Amino acid sequence: MTETETNLYDVVVLGAGPVGENVADRTRAAGLTTAVVESELVGGECSYWACMPSKALLRPVIARADARRLPGLRRAVQGPLDTEAVLARRNWFTGDWTDDGQVDWIKSIGADLYRGHGRLTGPRTVTVGDKVLTARHAVVVATGTRAALPDLPGLAEVRPWTSREATSAQSAPGRLVVVGGGVVATEMATAWQALGSRVTLLVRGKGLLDRMEPFAGELVAAALTEAGADVRTGTSVASVTRTDGTVVVVTDTGERIEADEILFAVGRAPRTDDIGLDTVGLAPGSWLTVDDSLRVTGTDWLYGVGDVNHRALLTHQGKYQARIAGAAIAARAAGTDLPENDPWSAHAATADHASVPQVVFTDPEAAAVGLSLAEAEQAGHRVRAVDVDMSSVAGAGLYAEGYQGRARMVVDLEQEILRGVTFVGPGVGELIHSATVAVAGQVPLARLWHAVPSYPTLSEVWLRLLEAYRDN
């Protein structure tokens with residue numbers, strides 16, 4: 001057997017994060033030979049530097065905060081967190097940054113793993129070191145994103161933290177400056193402030209979490225401030241230097257802030273700059289434009305799945321897309337025509353258009369799905385916002401003394417369906433899937449009225465929201 005024959009596959013997947021793994025799982029289940037190429041750890045960003053380690057850091061923080069809101073338990077949890085134990089548990093969830101278990105999983109599904117930097121070297125061709133992989137049916141780009149850094153002189157010499165360092169640090173810095181106001185910035189500010197750092201959060205815009213309803217960022221900012229963080233909005237970084245281990249930040253107003261570390265959490269960039277896109281007529285470093293089957297526009301063999309297509313930079317949405325792409329590749333390989341405009345189709349990703357759910361694991365949690373009020377209005381929908389104080393629900397009072405939170409549903413007044421839902425408050429992350437079902441399913445409010453929430457739970461906020469809509 002020649003080398004070319006040895007390296008011939010039905011499908012070649014670039015990237016072995018959760019997205020690439022799920023594509024490979026689906027194509028192998030369909031009987032297609034599959035190669036997976038990974039230059040770092042199998043399991044990707046989510047497993048080692050994002051979802052898993054960040055939530056492992058945050059869970060003790062949130063559990064302690066919840067306990068402190070309960071009489072009978074409050075006095076028992078007044079001391080500091082055991083930072084060493086928290087970090088050790090985080091390390092366990094990352095497998096101490098080894099990927100043996102996930103490598104074994106790749107082997108168990110019958111896919112071949114190639115370690116090294118994979119690059120497209122022409123249509124249906126990927127080169128990894130001295131090996132050439134040729135795909136009969138599809139090459140899938142699932143290389144994800146990296147942290148974007150601002151263009152500040154001398155920033156590389158400062159050795160700033162990105163999300164990777166923030167989720168993998170082995171000790172808490174005494175003073176930490178966090179630049180940004182989004183999910184990574186707010187979650188990491190929450191975690192490290194609780195783990196012993198003195199956090200200063202610098203936000204260029206007017207508030208935190210600006211892609212959610214304004215009250216979400218307001219409640220999170222208030223809680224961070226109460227926890228001891230210094231939250232400064234309308235503030236940009238003019239320069240940053242490091243001397244003898246001390247980071248010196250100068251803001252646009254000339255203020256000088258000293259810290260031990262600085263985290264920039266100001267956005268993401270696609271990992272497509274050095275994967276050979278130019279060899280197939282695409283721009284290196286670009287986001288990939290895809291159709292609903294995740295096939296790159298203008299090709300019949302190249303797919304862009306997960307963060308690289310910029311539809312929804314979330315692991316659960318990337319895995320959803322991976323399931324769709326895997327099914328589409330398998331159907332096309334079998335010569336099956338994909339149905340058009342079929343809402344039941346397993347070959348079309350539609351959930352990432354208008355019903356994307358997200359949970360921000362701060363204290364309080366912020367969870368949202370679909371469109372905010374402003375987004376719905378900008379899209380031309382005739383809508384109304386219905387707001388309820390979460391403390392009006394009996395379950396909230398049982399959950400925590402002095403519970404503070406808010407819920408909003410954005411109602412399409414013409415169709416009487418939900419365009420979006422937002423919850424902010426302790427424990428609300430577990431409410432968001434019910435909202436996702438309502439938004440994605442376009443469930444009429446008249447039917448939601450008969451979906452009776454259990455008493456006494458936080459879910460009873462649904463009843464209060466529907467009552468507020470009906471009575472006003």
# chains A, B, ... in the order shown; residues from 1 in each chain; ligands from 1
>>> residues_around(residues="A:His117", least_positions_apart="6", cutoff="10 Å", atoms="only C-alpha atoms", output="PyMOL selection string")
chain A and resi 14-15+37-40+126-129+274-275
>>> residues_around(residues="A:His137", least_positions_apart="6", cutoff="8 Å", atoms="only C-alpha atoms", output="ChimeraX atom specification")
/A:10-11,124,301,329,333
>>> select_by_dssp(residues="stretch 75-324 of chain A", states="helix (DSSP H, G or I)", output="number ranges by chain")
A: 75-77, 83-93, 95-97, 100-108, 155-158, 163-168, 183-194, 214-227, 277-280, 306-309, 315-324
>>> closest_residue(among="A:Ala16, A:Val360, A:Val393, A:Ala322", to="A:Ala35", atoms="only C-alpha atoms")
A:Ala16
>>> closest_atom_pairs(of="stretch 83-116 of chain A", to="stretch 44-54 of chain A", cutoff="12 Å", atoms="only C-alpha atoms", output="CSV")
residue,atom,partner,partner_atom,distance
A:Val86,CA,A:Pro53,CA,10.4
A:Leu87,CA,A:Pro53,CA,9.1
A:Ala88,CA,A:Pro53,CA,10.6
A:Arg89,CA,A:Pro53,CA,9.0
A:Arg90,CA,A:Pro53,CA,5.4
A:Asn91,CA,A:Pro53,CA,7.5
A:Trp92,CA,A:Pro53,CA,9.1
A:Phe93,CA,A:Pro53,CA,6.6
A:Thr94,CA,A:Tyr48,CA,5.2
A:Gly95,CA,A:Tyr48,CA,8.2
A:Asp96,CA,A:Tyr48,CA,8.6
A:Trp97,CA,A:Tyr48,CA,6.3
A:Thr98,CA,A:Tyr48,CA,8.9
A:Asp99,CA,A:Tyr48,CA,9.3
A:Gly101,CA,A:Ser47,CA,11.7
A:Gln102,CA,A:Ser47,CA,9.9
A:Val103,CA,A:Gly44,CA,11.5
>>> write_last_selection(atoms="C-alpha atoms", output="short mmCIF file (atom, residue, chain, number, x, y, z; two decimals), in the first residue's frame")
data_model
loop_
_atom_site.label_atom_id
_atom_site.label_comp_id
_atom_site.auth_asym_id
_atom_site.auth_seq_id
_atom_site.Cartn_x
_atom_site.Cartn_y
_atom_site.Cartn_z
CA VAL A 86 -9.86 25.25 44.69
CA LEU A 87 -6.91 25.33 42.30
CA ALA A 88 -6.17 21.65 42.91
CA ARG A 89 -9.77 20.74 42.03
CA ARG A 90 -9.50 22.92 38.91
CA ASN A 91 -6.31 21.07 37.97
CA TRP A 92 -8.13 17.74 38.34
CA PHE A 93 -10.88 18.85 35.95
CA THR A 94 -8.25 19.67 33.32
CA GLY A 95 -6.46 16.36 33.84
CA ASP A 96 -3.44 18.45 34.87
CA TRP A 97 -3.32 19.54 31.23
CA THR A 98 -2.76 16.05 29.87
CA ASP A 99 -5.06 14.61 27.22
CA GLY A 101 -8.25 10.19 28.24
CA GLN A 102 -9.43 12.19 25.25
CA VAL A 103 -6.83 10.60 22.99
#
>>> closest_atom_pairs(of="stretch 323-370 of chain A", to="stretch 405-411 of chain A", cutoff="10 Å", atoms="only C-alpha atoms", output="CSV")
residue,atom,partner,partner_atom,distance
A:Pro364,CA,A:Gly405,CA,7.7
A:Glu365,CA,A:Gly405,CA,9.1
A:Ala366,CA,A:Gly405,CA,9.3
A:Ala367,CA,A:Ala407,CA,9.6
A:Ala368,CA,A:Arg408,CA,9.3
A:Val369,CA,A:Met409,CA,9.8
A:Gly370,CA,A:Val410,CA,9.0
>>> residues_around(residues="A:Ala222", least_positions_apart="4", cutoff="10 Å", atoms="only C-alpha atoms", output="list of chain:residue names")
A:Gly217, A:Glu218, A:Glu226, A:Ala227, A:Ala229, A:Val231, A:Asp363, A:Pro364
>>> write_last_selection(atoms="N, CA and C atoms", output="PDB file, in the first residue's frame")
ATOM      1  N   GLY A 217     -25.775  43.589  33.366  1.00  0.00           N
ATOM      2  CA  GLY A 217     -24.478  44.162  33.706  1.00  0.00           C
ATOM      3  C   GLY A 217     -24.524  45.004  34.964  1.00  0.00           C
ATOM      4  N   GLU A 218     -25.630  45.697  35.179  1.00  0.00           N
ATOM      5  CA  GLU A 218     -25.759  46.535  36.376  1.00  0.00           C
ATOM      6  C   GLU A 218     -25.739  45.702  37.651  1.00  0.00           C
ATOM      7  N   GLU A 226     -19.556  45.160  45.622  1.00  0.00           N
ATOM      8  CA  GLU A 226     -19.809  44.753  47.006  1.00  0.00           C
ATOM      9  C   GLU A 226     -18.787  43.731  47.481  1.00  0.00           C
ATOM     10  N   ALA A 227     -18.311  42.880  46.561  1.00  0.00           N
ATOM     11  CA  ALA A 227     -17.308  41.867  46.912  1.00  0.00           C
ATOM     12  C   ALA A 227     -15.921  42.459  47.104  1.00  0.00           C
ATOM     13  N   ALA A 229     -14.242  44.403  44.488  1.00  0.00           N
ATOM     14  CA  ALA A 229     -13.577  44.776  43.245  1.00  0.00           C
ATOM     15  C   ALA A 229     -13.814  46.249  42.941  1.00  0.00           C
ATOM     16  N   VAL A 231     -14.660  48.537  40.063  1.00  0.00           N
ATOM     17  CA  VAL A 231     -15.204  48.494  38.708  1.00  0.00           C
ATOM     18  C   VAL A 231     -15.247  49.900  38.144  1.00  0.00           C
ATOM     19  N   ASP A 363     -21.601  36.051  40.102  1.00  0.00           N
ATOM     20  CA  ASP A 363     -22.533  36.100  41.231  1.00  0.00           C
ATOM     21  C   ASP A 363     -23.108  37.511  41.271  1.00  0.00           C
ATOM     22  N   PRO A 364     -24.364  37.722  40.862  1.00  0.00           N
ATOM     23  CA  PRO A 364     -25.348  36.717  40.465  1.00  0.00           C
ATOM     24  C   PRO A 364     -25.105  36.195  39.052  1.00  0.00           C
TER      25      PRO A 364
END
>>> residues_around(residues="stretch 29-33 of chain A", least_positions_apart="3", cutoff="7 Å", atoms="only C-alpha atoms", output="JSON, numbers by chain")
{"A": [9, 10, 11, 25, 26, 111, 330]}
>>> decode(residues="stretch 394-420 of chain A", atoms="N, CA and C atoms", output="PDB file, in the first residue's frame")
ATOM      1  N   ALA A 394     -41.822  32.852  45.472  1.00  0.00           N
ATOM      2  CA  ALA A 394     -41.593  32.206  46.768  1.00  0.00           C
ATOM      3  C   ALA A 394     -40.299  31.408  46.777  1.00  0.00           C
ATOM      4  N   GLY A 395     -40.000  30.749  45.663  1.00  0.00           N
ATOM      5  CA  GLY A 395     -38.783  29.944  45.594  1.00  0.00           C
ATOM      6  C   GLY A 395     -37.517  30.755  45.770  1.00  0.00           C
ATOM      7  N   ALA A 396     -37.569  32.041  45.378  1.00  0.00           N
ATOM      8  CA  ALA A 396     -36.397  32.900  45.539  1.00  0.00           C
ATOM      9  C   ALA A 396     -36.113  33.157  47.006  1.00  0.00           C
ATOM     10  N   GLY A 397     -37.180  33.410  47.782  1.00  0.00           N
ATOM     11  CA  GLY A 397     -36.989  33.627  49.209  1.00  0.00           C
ATOM     12  C   GLY A 397     -36.442  32.412  49.914  1.00  0.00           C
ATOM     13  N   LEU A 398     -36.841  31.217  49.446  1.00  0.00           N
ATOM     14  CA  LEU A 398     -36.303  29.983  50.016  1.00  0.00           C
ATOM     15  C   LEU A 398     -34.861  29.750  49.577  1.00  0.00           C
ATOM     16  N   TYR A 399     -34.559  30.147  48.351  1.00  0.00           N
ATOM     17  CA  TYR A 399     -33.211  29.945  47.820  1.00  0.00           C
ATOM     18  C   TYR A 399     -32.188  30.753  48.604  1.00  0.00           C
ATOM     19  N   ALA A 400     -32.538  32.012  48.927  1.00  0.00           N
ATOM     20  CA  ALA A 400     -31.578  32.875  49.618  1.00  0.00           C
ATOM     21  C   ALA A 400     -32.303  34.024  50.294  1.00  0.00           C
ATOM     22  N   GLU A 401     -31.858  34.348  51.481  1.00  0.00           N
ATOM     23  CA  GLU A 401     -32.385  35.536  52.160  1.00  0.00           C
ATOM     24  C   GLU A 401     -31.910  36.782  51.430  1.00  0.00           C
ATOM     25  N   GLY A 402     -32.842  37.714  51.204  1.00  0.00           N
ATOM     26  CA  GLY A 402     -32.481  38.933  50.494  1.00  0.00           C
ATOM     27  C   GLY A 402     -32.173  38.708  49.027  1.00  0.00           C
ATOM     28  N   TYR A 403     -32.797  37.685  48.437  1.00  0.00           N
ATOM     29  CA  TYR A 403     -32.552  37.351  47.027  1.00  0.00           C
ATOM     30  C   TYR A 403     -32.764  38.588  46.153  1.00  0.00           C
ATOM     31  N   GLN A 404     -31.802  38.853  45.264  1.00  0.00           N
ATOM     32  CA  GLN A 404     -31.921  39.952  44.317  1.00  0.00           C
ATOM     33  C   GLN A 404     -31.752  39.429  42.907  1.00  0.00           C
ATOM     34  N   GLY A 405     -32.706  39.789  42.051  1.00  0.00           N
ATOM     35  CA  GLY A 405     -32.627  39.347  40.665  1.00  0.00           C
ATOM     36  C   GLY A 405     -33.761  39.933  39.850  1.00  0.00           C
ATOM     37  N   ARG A 406     -33.701  39.678  38.576  1.00  0.00           N
ATOM     38  CA  ARG A 406     -34.697  40.252  37.682  1.00  0.00           C
ATOM     39  C   ARG A 406     -34.884  39.338  36.484  1.00  0.00           C
ATOM     40  N   ALA A 407     -36.094  39.308  35.963  1.00  0.00           N
ATOM     41  CA  ALA A 407     -36.401  38.521  34.774  1.00  0.00           C
ATOM     42  C   ALA A 407     -37.086  39.405  33.747  1.00  0.00           C
ATOM     43  N   ARG A 408     -36.802  39.142  32.495  1.00  0.00           N
ATOM     44  CA  ARG A 408     -37.458  39.875  31.399  1.00  0.00           C
ATOM     45  C   ARG A 408     -37.777  38.918  30.268  1.00  0.00           C
ATOM     46  N   MET A 409     -38.993  39.023  29.739  1.00  0.00           N
ATOM     47  CA  MET A 409     -39.283  38.367  28.476  1.00  0.00           C
ATOM     48  C   MET A 409     -39.657  39.433  27.448  1.00  0.00           C
ATOM     49  N   VAL A 410     -39.161  39.251  26.231  1.00  0.00           N
ATOM     50  CA  VAL A 410     -39.422  40.164  25.130  1.00  0.00           C
ATOM     51  C   VAL A 410     -40.475  39.513  24.249  1.00  0.00           C
ATOM     52  N   VAL A 411     -41.661  40.103  24.248  1.00  0.00           N
ATOM     53  CA  VAL A 411     -42.818  39.513  23.579  1.00  0.00           C
ATOM     54  C   VAL A 411     -43.025  40.141  22.211  1.00  0.00           C
ATOM     55  N   ASP A 412     -43.151  39.303  21.197  1.00  0.00           N
ATOM     56  CA  ASP A 412     -43.547  39.741  19.864  1.00  0.00           C
ATOM     57  C   ASP A 412     -45.055  39.959  19.892  1.00  0.00           C
ATOM     58  N   LEU A 413     -45.482  41.203  19.791  1.00  0.00           N
ATOM     59  CA  LEU A 413     -46.891  41.542  19.975  1.00  0.00           C
ATOM     60  C   LEU A 413     -47.764  41.092  18.811  1.00  0.00           C
ATOM     61  N   GLU A 414     -47.186  40.892  17.659  1.00  0.00           N
ATOM     62  CA  GLU A 414     -47.978  40.457  16.518  1.00  0.00           C
ATOM     63  C   GLU A 414     -48.231  38.957  16.540  1.00  0.00           C
ATOM     64  N   GLN A 415     -47.208  38.171  16.893  1.00  0.00           N
ATOM     65  CA  GLN A 415     -47.367  36.719  16.912  1.00  0.00           C
ATOM     66  C   GLN A 415     -47.624  36.166  18.313  1.00  0.00           C
ATOM     67  N   GLU A 416     -47.461  37.003  19.340  1.00  0.00           N
ATOM     68  CA  GLU A 416     -47.590  36.587  20.737  1.00  0.00           C
ATOM     69  C   GLU A 416     -46.731  35.357  21.035  1.00  0.00           C
ATOM     70  N   ILE A 417     -45.460  35.489  20.646  1.00  0.00           N
ATOM     71  CA  ILE A 417     -44.428  34.524  20.990  1.00  0.00           C
ATOM     72  C   ILE A 417     -43.280  35.294  21.632  1.00  0.00           C
ATOM     73  N   LEU A 418     -42.296  34.558  22.139  1.00  0.00           N
ATOM     74  CA  LEU A 418     -41.154  35.195  22.787  1.00  0.00           C
ATOM     75  C   LEU A 418     -39.998  35.345  21.809  1.00  0.00           C
ATOM     76  N   ARG A 419     -39.448  36.551  21.765  1.00  0.00           N
ATOM     77  CA  ARG A 419     -38.246  36.786  20.976  1.00  0.00           C
ATOM     78  C   ARG A 419     -36.986  36.642  21.826  1.00  0.00           C
ATOM     79  N   GLY A 420     -37.107  36.790  23.136  1.00  0.00           N
ATOM     80  CA  GLY A 420     -35.950  36.662  24.009  1.00  0.00           C
ATOM     81  C   GLY A 420     -36.371  36.624  25.462  1.00  0.00           C
TER      82      GLY A 420
END
